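For reference, model_32.cif is printed below; it contains mmCIF, C-alpha atoms.
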```
data_upload
#
loop_
_atom_site.label_atom_id
_atom_site.label_comp_id
_atom_site.auth_asym_id
_atom_site.auth_seq_id
_atom_site.Cartn_x
_atom_site.Cartn_y
_atom_site.Cartn_z
CA MET N 520 -53.25 -220.85 -130.28
CA SER N 521 -53.72 -217.21 -129.40
CA GLY N 522 -52.06 -217.74 -125.96
CA CYS N 523 -49.05 -219.44 -127.52
CA ALA N 524 -48.71 -216.61 -130.00
CA SER N 525 -48.81 -214.06 -127.17
CA ALA N 526 -46.12 -215.93 -125.23
CA LEU N 527 -43.93 -216.16 -128.27
CA GLY N 528 -44.33 -212.38 -128.81
CA ARG N 529 -43.21 -211.58 -125.24
CA SER N 530 -40.18 -213.86 -125.56
CA ALA N 531 -39.14 -212.16 -128.77
CA ALA N 532 -39.48 -208.71 -127.20
CA LEU N 533 -37.40 -209.77 -124.18
CA ALA N 534 -34.71 -211.19 -126.43
CA THR N 535 -34.61 -207.96 -128.39
CA LEU N 536 -34.22 -205.88 -125.18
CA VAL N 537 -31.39 -208.08 -123.94
CA ALA N 538 -29.65 -207.79 -127.26
CA MET N 539 -29.97 -203.99 -127.19
CA LEU N 540 -28.50 -203.81 -123.67
CA CYS N 541 -25.56 -205.97 -124.68
CA VAL N 542 -24.91 -203.81 -127.73
CA GLY N 543 -25.03 -200.63 -125.56
CA ALA N 544 -22.61 -202.06 -123.02
CA ALA N 545 -20.25 -203.11 -125.77
CA ALA N 546 -20.42 -199.66 -127.31
CA GLN N 547 -19.75 -197.96 -123.93
CA GLY N 548 -16.70 -200.05 -123.03
CA ASN N 549 -14.80 -199.87 -119.65
CA PRO N 550 -14.75 -196.45 -117.90
CA PRO N 551 -11.37 -194.60 -118.01
CA PRO N 552 -9.23 -194.54 -114.83
CA PRO N 553 -9.83 -191.48 -112.60
CA ALA N 554 -7.50 -188.53 -113.11
CA VAL N 555 -5.48 -187.35 -110.13
CA THR N 556 -2.70 -184.85 -109.54
CA VAL N 557 0.43 -186.06 -107.78
CA SER N 558 3.51 -184.46 -106.30
CA PRO N 559 6.87 -186.13 -105.68
CA VAL N 560 8.22 -186.42 -102.15
CA ALA N 561 11.10 -183.92 -102.03
CA THR N 562 14.09 -183.22 -99.82
CA LYS N 563 14.34 -179.60 -98.77
CA GLN N 564 16.27 -177.45 -96.35
CA ILE N 565 13.92 -176.68 -93.47
CA THR N 566 14.28 -174.64 -90.32
CA GLU N 567 12.12 -175.36 -87.30
CA THR N 568 10.46 -172.20 -86.01
CA GLY N 569 8.27 -170.99 -83.19
CA ASP N 570 5.32 -168.78 -84.13
CA TYR N 571 4.28 -165.71 -82.15
CA VAL N 572 2.21 -162.56 -82.51
CA GLY N 573 4.25 -159.37 -82.72
CA ARG N 574 3.69 -155.63 -82.85
CA VAL N 575 5.62 -153.23 -85.04
CA ALA N 576 7.18 -150.21 -83.32
CA ALA N 577 9.13 -147.26 -84.67
CA ILE N 578 12.71 -146.96 -83.47
CA TYR N 579 12.36 -143.17 -83.28
CA LYS N 580 9.16 -141.18 -82.79
CA VAL N 581 9.34 -137.45 -82.20
CA ASP N 582 6.59 -134.97 -81.31
CA ILE N 583 7.11 -131.66 -83.11
CA VAL N 584 6.32 -128.81 -80.68
CA ALA N 585 6.75 -125.06 -80.54
CA ARG N 586 9.47 -123.75 -78.18
CA ILE N 587 8.41 -120.11 -78.43
CA SER N 588 5.15 -118.20 -78.76
CA GLY N 589 4.00 -116.84 -82.11
CA PHE N 590 1.79 -117.19 -85.16
CA ILE N 591 2.55 -119.95 -87.68
CA GLU N 592 3.65 -118.14 -90.83
CA GLU N 593 4.52 -121.09 -93.12
CA ARG N 594 4.16 -124.87 -93.35
CA HIS N 595 6.70 -126.66 -95.53
CA PHE N 596 5.45 -130.25 -95.80
CA ASN N 597 2.59 -132.37 -97.05
CA GLU N 598 1.00 -134.59 -94.45
CA GLY N 599 2.23 -138.16 -94.78
CA GLN N 600 5.37 -137.36 -96.76
CA ASN N 601 8.88 -138.56 -95.96
CA VAL N 602 11.16 -135.97 -94.41
CA LYS N 603 14.87 -135.81 -93.68
CA ALA N 604 16.61 -134.62 -90.55
CA GLY N 605 17.00 -130.84 -90.80
CA ASP N 606 14.08 -130.29 -93.19
CA LEU N 607 12.08 -127.13 -92.41
CA LEU N 608 8.57 -128.03 -91.23
CA PHE N 609 7.05 -124.85 -89.76
CA ARG N 610 8.08 -121.21 -89.63
CA ILE N 611 6.78 -118.97 -86.82
CA GLU N 612 6.63 -115.21 -87.47
CA PRO N 613 10.23 -114.08 -86.83
CA ASP N 614 9.87 -110.26 -86.77
CA THR N 615 9.50 -109.92 -83.00
CA TYR N 616 12.51 -112.17 -82.41
CA LYS N 617 14.64 -110.38 -85.00
CA ALA N 618 13.89 -107.13 -83.21
CA ALA N 619 14.92 -108.72 -79.91
CA VAL N 620 18.24 -109.75 -81.46
CA ASP N 621 18.83 -106.18 -82.71
CA GLN N 622 18.03 -104.78 -79.26
CA GLN N 623 20.42 -107.15 -77.52
CA GLN N 624 23.15 -106.35 -80.04
CA ALA N 625 22.70 -102.66 -79.16
CA ASN N 626 22.82 -103.46 -75.43
CA LEU N 627 26.01 -105.44 -75.98
CA ALA N 628 27.61 -102.57 -77.88
CA LYS N 629 26.67 -100.15 -75.09
CA ALA N 630 28.07 -102.50 -72.43
CA LYS N 631 31.34 -102.83 -74.34
CA ALA N 632 31.64 -99.06 -74.62
CA THR N 633 31.08 -98.70 -70.89
CA GLU N 634 33.66 -101.41 -70.25
CA ALA N 635 36.20 -99.63 -72.47
CA ASN N 636 35.70 -96.34 -70.64
CA ALA N 637 36.02 -98.07 -67.27
CA ALA N 638 39.27 -99.66 -68.38
CA ILE N 639 40.64 -96.28 -69.46
CA GLN N 640 39.65 -94.64 -66.16
CA LEU N 641 41.29 -97.46 -64.25
CA GLU N 642 44.58 -97.13 -66.14
CA ARG N 643 44.54 -93.36 -65.59
CA GLY N 644 43.89 -93.85 -61.91
CA LYS N 645 46.88 -96.18 -61.62
CA ASP N 646 49.10 -93.40 -62.99
CA LEU N 647 47.59 -90.75 -60.71
CA ILE N 648 47.86 -92.82 -57.57
CA HIS N 649 51.66 -92.67 -57.78
CA ASN N 650 51.54 -88.88 -57.53
CA GLN N 651 48.86 -89.10 -54.87
CA THR N 652 46.59 -87.07 -57.12
CA ILE N 653 43.70 -89.39 -56.29
CA SER N 654 43.02 -91.40 -53.23
CA GLN N 655 43.26 -95.16 -52.94
CA ALA N 656 39.50 -95.26 -52.42
CA THR N 657 38.98 -93.63 -55.81
CA LEU N 658 41.28 -96.17 -57.46
CA ASP N 659 39.42 -99.01 -55.76
CA GLN N 660 36.12 -97.61 -57.05
CA ARG N 661 37.49 -97.45 -60.60
CA THR N 662 38.66 -101.05 -60.32
CA ALA N 663 35.21 -102.09 -59.19
CA ASP N 664 33.63 -100.08 -62.03
CA GLU N 665 35.73 -101.95 -64.60
CA SER N 666 34.79 -105.32 -63.12
CA SER N 667 31.13 -104.32 -63.14
CA ALA N 668 31.41 -103.19 -66.76
CA GLN N 669 32.95 -106.52 -67.72
CA ALA N 670 30.07 -108.31 -66.02
CA ASP N 671 27.60 -106.13 -67.92
CA VAL N 672 29.28 -107.14 -71.18
CA MET N 673 28.97 -110.82 -70.30
CA GLN N 674 25.32 -110.32 -69.35
CA ALA N 675 24.58 -108.52 -72.60
CA GLN N 676 26.40 -111.23 -74.56
CA ALA N 677 24.29 -113.93 -72.87
CA ALA N 678 21.10 -111.99 -73.59
CA LEU N 679 22.11 -111.70 -77.24
CA GLU N 680 22.78 -115.44 -77.45
CA GLN N 681 19.36 -116.16 -75.94
CA ALA N 682 17.70 -113.80 -78.42
CA LYS N 683 19.48 -115.58 -81.29
CA ILE N 684 18.34 -118.97 -79.92
CA ASN N 685 14.73 -117.76 -79.76
CA LEU N 686 15.03 -116.45 -83.31
CA GLY N 687 16.29 -119.88 -84.36
CA TYR N 688 13.24 -121.47 -82.75
CA THR N 689 11.05 -119.65 -85.28
CA GLU N 690 12.19 -122.33 -87.77
CA ILE N 691 10.96 -125.75 -86.66
CA ARG N 692 12.94 -128.51 -88.37
CA SER N 693 12.69 -132.29 -88.33
CA PRO N 694 15.17 -133.85 -85.89
CA ILE N 695 15.10 -137.28 -87.60
CA ASP N 696 14.52 -139.02 -90.92
CA GLY N 697 11.01 -140.41 -91.11
CA ARG N 698 7.44 -139.86 -92.18
CA ILE N 699 5.41 -136.95 -90.87
CA GLY N 700 1.80 -137.32 -89.81
CA LEU N 701 -1.16 -134.95 -89.68
CA ALA N 702 -0.60 -131.28 -88.85
CA ASN N 703 -2.61 -130.26 -85.78
CA PHE N 704 -2.24 -126.51 -86.49
CA ALA N 705 -2.64 -124.54 -89.71
CA VAL N 706 -0.95 -121.38 -90.96
CA GLY N 707 -2.19 -118.39 -88.93
CA ASN N 708 -2.68 -120.29 -85.66
CA LEU N 709 -1.07 -118.91 -82.52
CA VAL N 710 1.12 -121.54 -80.84
CA ASP N 711 3.40 -121.70 -77.80
CA PRO N 712 5.13 -124.42 -75.76
CA SER N 713 1.83 -125.29 -74.07
CA SER N 714 0.03 -125.88 -77.40
CA GLY N 715 1.12 -129.49 -77.51
CA ARG N 716 2.10 -131.48 -80.59
CA LEU N 717 2.11 -129.65 -83.91
CA ALA N 718 2.82 -132.89 -85.80
CA ILE N 719 4.64 -136.19 -85.31
CA VAL N 720 7.59 -137.68 -87.22
CA VAL N 721 8.02 -141.46 -87.11
CA SER N 722 11.11 -143.25 -88.40
CA GLN N 723 10.39 -145.93 -91.02
CA ASP N 724 13.50 -147.98 -91.75
CA PRO N 725 14.41 -150.09 -89.87
CA VAL N 726 11.66 -150.83 -87.35
CA TYR N 727 11.30 -152.83 -84.16
CA VAL N 728 9.02 -155.85 -83.85
CA THR N 729 8.28 -156.88 -80.26
CA PHE N 730 6.67 -160.16 -79.21
CA GLN N 731 6.29 -162.28 -76.11
CA MET N 732 7.87 -165.70 -75.60
CA SER N 733 7.05 -168.10 -72.80
CA GLU N 734 9.64 -168.65 -70.10
CA ARG N 735 9.81 -172.27 -71.22
CA ASP N 736 10.81 -171.22 -74.77
CA ILE N 737 13.43 -168.85 -73.41
CA ILE N 738 15.00 -171.59 -71.26
CA ALA N 739 14.98 -174.04 -74.19
CA TYR N 740 16.64 -171.43 -76.38
CA LYS N 741 19.37 -170.81 -73.80
CA HIS N 742 19.99 -174.56 -73.49
CA ARG N 743 20.39 -174.85 -77.27
CA LEU N 744 22.69 -171.83 -77.30
CA SER N 745 24.85 -173.34 -74.57
CA ALA N 746 25.01 -176.73 -76.32
CA SER N 747 25.95 -175.21 -79.69
CA GLY N 748 28.71 -173.03 -78.29
CA ASP N 749 27.47 -170.12 -80.42
CA SER N 750 28.76 -166.83 -79.08
CA THR N 751 26.02 -164.83 -80.83
CA PRO N 752 22.88 -164.74 -78.66
CA HIS N 753 20.68 -163.24 -81.39
CA VAL N 754 18.50 -165.33 -83.72
CA ALA N 755 16.84 -164.71 -87.05
CA VAL N 756 13.11 -163.98 -87.26
CA HIS N 757 10.73 -164.03 -90.22
CA ILE N 758 7.66 -161.81 -90.44
CA LYS N 759 4.26 -162.88 -91.74
CA LEU N 760 2.19 -159.94 -92.98
CA PRO N 761 -1.52 -159.51 -92.16
CA ASP N 762 -2.46 -160.68 -95.68
CA GLY N 763 -0.79 -164.05 -95.01
CA THR N 764 2.29 -163.49 -97.15
CA THR N 765 5.83 -163.83 -95.84
CA TYR N 766 7.79 -160.60 -95.57
CA ALA N 767 10.85 -160.57 -97.84
CA HIS N 768 13.32 -159.15 -95.30
CA PRO N 769 14.24 -161.28 -92.27
CA GLY N 770 15.10 -159.56 -89.01
CA ARG N 771 17.25 -160.37 -86.02
CA THR N 772 16.57 -160.22 -82.30
CA ASP N 773 18.49 -157.53 -80.44
CA PHE N 774 16.92 -157.40 -76.97
CA LEU N 775 15.56 -159.82 -74.36
CA ASP N 776 13.76 -158.31 -71.38
CA VAL N 777 15.40 -158.65 -67.98
CA GLN N 778 12.31 -160.02 -66.21
CA VAL N 779 9.18 -162.09 -66.71
CA ASP N 780 5.84 -160.29 -66.92
CA PRO N 781 3.93 -161.68 -63.89
CA ASN N 782 0.58 -161.06 -65.60
CA THR N 783 1.33 -163.23 -68.65
CA ASP N 784 4.35 -165.29 -67.54
CA THR N 785 6.11 -164.26 -70.74
CA VAL N 786 9.27 -162.38 -71.63
CA VAL N 787 9.32 -159.49 -74.11
CA VAL N 788 11.66 -160.07 -77.06
CA ARG N 789 12.53 -157.37 -79.58
CA ALA N 790 13.81 -157.77 -83.13
CA ILE N 791 15.09 -155.15 -85.54
CA VAL N 792 13.72 -155.59 -89.07
CA PRO N 793 14.56 -153.76 -92.32
CA ASN N 794 11.64 -151.80 -93.80
CA PRO N 795 12.89 -150.28 -97.07
CA ASP N 796 9.47 -150.39 -98.76
CA GLY N 797 7.45 -149.20 -95.77
CA LEU N 798 5.29 -152.34 -95.64
CA LEU N 799 5.63 -152.60 -91.88
CA ILE N 800 3.55 -149.86 -90.27
CA PRO N 801 4.38 -148.84 -86.68
CA ALA N 802 1.81 -150.14 -84.14
CA GLY N 803 0.62 -152.81 -86.62
CA ILE N 804 0.20 -156.51 -85.77
CA VAL N 805 2.28 -159.15 -87.59
CA GLY N 806 3.16 -162.82 -87.24
CA VAL N 807 6.68 -163.67 -86.07
CA ALA N 808 8.47 -166.95 -86.80
CA VAL N 809 11.62 -167.46 -84.72
CA GLU N 810 14.25 -169.92 -85.90
CA ARG N 811 14.76 -172.62 -83.28
CA GLU N 812 17.64 -174.46 -84.92
CA ALA N 813 20.04 -174.39 -87.84
CA PRO N 814 18.66 -175.39 -91.29
CA ARG N 815 18.59 -179.16 -91.97
CA SER N 816 17.49 -181.51 -94.77
CA ALA N 817 14.11 -183.24 -94.46
CA LEU N 818 11.47 -184.95 -96.60
CA VAL N 819 8.42 -182.78 -97.26
CA VAL N 820 5.04 -183.26 -98.93
CA PRO N 821 2.29 -180.72 -99.67
CA GLN N 822 -0.22 -180.27 -96.86
CA SER N 823 -3.02 -181.11 -99.31
CA ALA N 824 -1.65 -184.66 -99.60
CA VAL N 825 -1.87 -185.46 -95.88
CA GLN N 826 -5.10 -187.02 -94.58
CA LEU N 827 -6.12 -187.93 -91.05
CA ASP N 828 -8.29 -190.72 -89.65
CA GLN N 829 -8.59 -192.53 -86.34
CA ALA N 830 -5.37 -194.42 -87.01
CA GLY N 831 -3.36 -191.26 -87.68
CA HIS N 832 -1.93 -189.47 -90.70
CA TYR N 833 -1.70 -191.08 -94.13
CA VAL N 834 -1.18 -190.27 -97.81
CA MET N 835 -2.27 -191.95 -101.03
CA VAL N 836 0.77 -193.06 -103.05
CA VAL N 837 0.74 -193.89 -106.79
CA ASN N 838 3.23 -196.72 -107.42
CA ASP N 839 5.08 -197.70 -110.59
CA ALA N 840 2.07 -199.75 -111.75
CA LYS N 841 -0.07 -196.59 -111.53
CA LYS N 842 -2.03 -198.15 -108.70
CA VAL N 843 -3.00 -196.33 -105.53
CA GLU N 844 -1.85 -197.55 -102.15
CA ILE N 845 -2.41 -196.09 -98.70
CA ARG N 846 0.71 -195.21 -96.72
CA ARG N 847 0.81 -194.41 -93.01
CA ILE N 848 3.27 -191.60 -92.19
CA THR N 849 4.74 -189.74 -89.25
CA THR N 850 4.63 -185.99 -89.66
CA GLY N 851 6.80 -183.23 -88.26
CA VAL N 852 6.52 -179.44 -88.35
CA GLU N 853 4.72 -177.46 -91.02
CA GLN N 854 6.87 -175.47 -93.44
CA GLY N 855 4.66 -173.05 -95.29
CA ARG N 856 2.45 -175.16 -97.60
CA ASN N 857 4.46 -178.29 -96.90
CA VAL N 858 4.65 -180.78 -94.03
CA VAL N 859 7.80 -182.54 -92.88
CA VAL N 860 7.55 -186.35 -93.02
CA THR N 861 9.85 -188.18 -90.63
CA ASP N 862 8.77 -191.77 -91.46
CA GLY N 863 6.75 -193.69 -94.06
CA LEU N 864 7.92 -192.20 -97.37
CA LYS N 865 10.97 -192.09 -99.60
CA GLU N 866 12.24 -189.29 -101.78
CA GLY N 867 10.71 -189.31 -105.27
CA GLU N 868 7.54 -191.28 -104.41
CA LEU N 869 4.37 -189.75 -105.84
CA VAL N 870 1.62 -188.70 -103.43
CA VAL N 871 -1.87 -187.67 -104.51
CA VAL N 872 -2.58 -183.96 -103.89
CA GLU N 873 -5.79 -183.56 -105.93
CA GLY N 874 -8.55 -186.11 -106.51
CA ILE N 875 -8.00 -188.08 -103.29
CA LEU N 876 -11.74 -188.59 -102.74
CA LYS N 877 -12.12 -190.21 -106.18
CA VAL N 878 -9.69 -193.10 -105.59
CA HIS N 879 -9.26 -196.08 -103.30
CA PRO N 880 -6.34 -198.44 -102.59
CA GLY N 881 -5.58 -200.82 -105.47
CA GLN N 882 -7.23 -198.63 -108.11
CA VAL N 883 -5.42 -197.73 -111.33
CA VAL N 884 -5.31 -193.96 -111.93
CA ALA N 885 -4.20 -191.48 -114.57
CA ALA N 886 -1.65 -189.34 -112.72
CA THR N 887 -0.48 -185.86 -113.66
CA VAL N 888 2.51 -184.37 -111.83
CA ALA N 889 1.77 -180.97 -110.31
CA PRO N 890 4.08 -178.11 -111.29
CA SER N 891 6.80 -177.49 -108.73
CA ASN N 892 6.52 -174.43 -106.45
#
```
Would you write the structure of this file as structure tokens?
Amino acid sequence: MSGCASALGRSAALATLVAMLCVGAAAQGNPPPPAVTVSPVATKQITETGDYVGRVAAIYKVDIVARISGFIEERHFNEGQNVKAGDLLFRIEPDTYKAAVDQQQANLAKAKATEANAAIQLERGKDLIHNQTISQATLDQRTADESSAQADVMQAQAALEQAKINLGYTEIRSPIDGRIGLANFAVGNLVDPSSGRLAIVVSQDPVYVTFQMSERDIIAYKHRLSASGDSTPHVAVHIKLPDGTTYAHPGRTDFLDVQVDPNTDTVVVRAIVPNPDGLLIPAGIVGVAVEREAPRSALVVPQSAVQLDQAGHYVMVVNDAKKVEIRRITTGVEQGRNVVVTDGLKEGELVVVEGILKVHPGQVVAATVAPSN
């Protein structure tokens, strides 16, 4: 009897456990469908580009040097500031050069007085020669004296002009608009033409961006130009800044080198780019995207939606029944955060961009449309 009672007790306990599990399952219910984020396939205007590495270069770069010898008396700029053409940068002590101008003005006045006297003596000699009061030799000498006096006046005038030029060199002004760098000499330093650069002024807007294209790309570009009949050989370029952002101001090519570099088998191309905000710094490295064709319409999807396996590229599509299906696609060029799709999708279809690893084909999902860029 005791064995039967024990068996009956175990059966009752097992039945109770089963009942509890059933109640728990009923209380839990079916799990909710996984949440994913989707983005509609869109048609956008895209432009195929070639990507290169470029270097920024100033259009104008001028070394500021002394053209005379003297002590720097004044400096009229802050290092790094923008300057305009004609702005005073340095002043060299002018006293010595002012004195030289005064001396040459005196020499010129003396030479003119001598010339005037020689002219008077010559005219008097011409009158006296008729009466044979003086000899022809004397008249010839007076003629030569006047010519010599005239030459002395010209020489004194030239010396005065040179003195004025040297005095002007005591004021060193910026020859261009741009930004001035560090000053290599302070007030009180003695400088002369052999002292080297006092400072440097670099133009800021616009700037050049140079990059190297392969000979193959150059030939392909010329073929496209010939086929299009476009009479303008220059193309638009877009700059990518070192922080990964796209520069707001597109540029345009303005020069193609006349020969291939034998060391790299590339051709130097130069573009001129606006730089109103000074974001492009001369000698800096930037990315360059060159337009290869005119803008055209194409289907695009976010790069985050595109997956790759041994069979190729695919995306996960959410259909009208909110079920996931796998779709094989053919991709084209990348356009920023998007990828061009040339086959496999239609405009408006929803592709999964977040939560791809949580779903599988045939599964029902709760889809949320991502905000448009």
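The coordinates place atom CA of N:Ala630 at 8.6 Å from atom CA of N:Met673.
Minimum atom-to-atom distances from N:Val809, N:Ala625, N:Val834, N:Val859 to N:Val878 were compared using only C-alpha atoms, and the lowest value belongs to N:Val834.
Here atom CA of N:Asp664 and atom CA of N:Ala618 stand 29.8 Å from one another.
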- [ ] Show me as a PyMOL selection string the residues that reach within 12 Å of (16.1, -154.7, -81.5), counting all atoms listed in the file and using the file's own coordinates.
- [x] chain N and resi 575-578+725-730+753-756+770-776+787-793
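Around the point (14.0, -158.4, -95.4), within 9 Å and counting only C-alpha atoms, we find these residues: His757, Ile758, Tyr766, Ala767, His768, Pro769, Gly770, Val792, Pro793, Asn794 and Pro795 of chain N.
The coordinates place atom CA of N:Ile565 at 27.8 Å from atom CA of N:Ala886.
Remark: for N:Gly806, the closest of the candidate residues N:Gly874, N:Gly573, N:Gly855, N:Gly763 is N:Gly573 (distances computed over all atoms listed in the file).
Run against this file, the PyMOL selection byres ((chain N and resi 612) around 12) gives back Ile587, Ser588, Gly589, Phe590, Ile591, Glu592, Glu593, Arg594, Phe609, Arg610, Ile611, Pro613, Asp614, Thr615, Tyr616, Lys617, Ala618, Asn685, Leu686, Gly687, Tyr688, Thr689, Glu690, Ile691, Val706, Gly707, Asn708, Leu709 and Val710 of chain N.
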Would you please take stretch 689-749 of chain N of the structure in the block above and write C-alpha atoms to a file as a short mmCIF file (atom, residue, chain, number, x, y, z; two decimals), in the first residue's frame?
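Here's the written file selection03.cif:
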```cif
data_model
loop_
_atom_site.label_atom_id
_atom_site.label_comp_id
_atom_site.auth_asym_id
_atom_site.auth_seq_id
_atom_site.Cartn_x
_atom_site.Cartn_y
_atom_site.Cartn_z
CA THR N 689 62.03 102.00 -46.36
CA GLU N 690 58.29 101.21 -46.42
CA ILE N 691 57.74 97.52 -47.17
CA ARG N 692 54.17 96.91 -48.35
CA SER N 693 52.24 93.77 -49.26
CA PRO N 694 52.18 93.20 -53.04
CA ILE N 695 49.09 90.93 -52.90
CA ASP N 696 45.94 90.19 -50.92
CA GLY N 697 46.47 87.24 -48.61
CA ARG N 698 47.43 86.04 -45.17
CA ILE N 699 50.80 86.87 -43.66
CA GLY N 700 52.84 84.31 -41.76
CA LEU N 701 55.43 84.54 -39.00
CA ALA N 702 57.81 87.50 -38.89
CA ASN N 703 61.43 86.34 -39.01
CA PHE N 704 62.80 89.71 -37.79
CA ALA N 705 61.68 91.96 -34.96
CA VAL N 706 61.79 95.74 -34.53
CA GLY N 707 65.41 96.84 -34.02
CA ASN N 708 66.98 94.14 -36.22
CA LEU N 709 69.38 95.21 -38.94
CA VAL N 710 68.29 93.84 -42.33
CA ASP N 711 69.51 94.09 -45.92
CA PRO N 712 68.83 92.30 -49.22
CA SER N 713 70.93 89.33 -48.08
CA SER N 714 68.90 88.84 -44.88
CA GLY N 715 66.41 86.62 -46.63
CA ARG N 716 62.67 86.46 -46.02
CA LEU N 717 61.22 88.85 -43.46
CA ALA N 718 57.78 87.22 -43.73
CA ILE N 719 55.61 85.46 -46.31
CA VAL N 720 52.20 86.43 -47.72
CA VAL N 721 50.05 83.65 -49.17
CA SER N 722 46.87 84.28 -51.16
CA GLN N 723 43.78 82.52 -49.77
CA ASP N 724 40.87 82.80 -52.19
CA PRO N 725 40.73 81.09 -54.61
CA VAL N 726 43.30 78.30 -54.35
CA TYR N 727 44.70 75.61 -56.62
CA VAL N 728 44.20 71.90 -55.99
CA THR N 729 46.58 69.65 -57.95
CA PHE N 730 46.21 65.90 -58.34
CA GLN N 731 47.49 63.12 -60.57
CA MET N 732 45.36 61.14 -63.02
CA SER N 733 46.44 58.00 -64.81
CA GLU N 734 47.08 58.20 -68.53
CA ARG N 735 44.21 55.75 -69.00
CA ASP N 736 41.78 58.14 -67.25
CA ILE N 737 43.00 61.04 -69.35
CA ILE N 738 42.45 59.12 -72.60
CA ALA N 739 38.98 58.01 -71.47
CA TYR N 740 38.12 61.60 -70.60
CA LYS N 741 39.24 62.83 -74.03
CA HIS N 742 37.17 60.13 -75.73
CA ARG N 743 34.07 61.19 -73.77
CA LEU N 744 34.77 64.83 -74.60
CA SER N 745 35.07 64.03 -78.30
CA ALA N 746 31.88 61.94 -78.29
CA SER N 747 29.85 64.61 -76.48
CA GLY N 748 30.94 67.44 -78.75
CA ASP N 749 31.46 69.66 -75.70
#
```
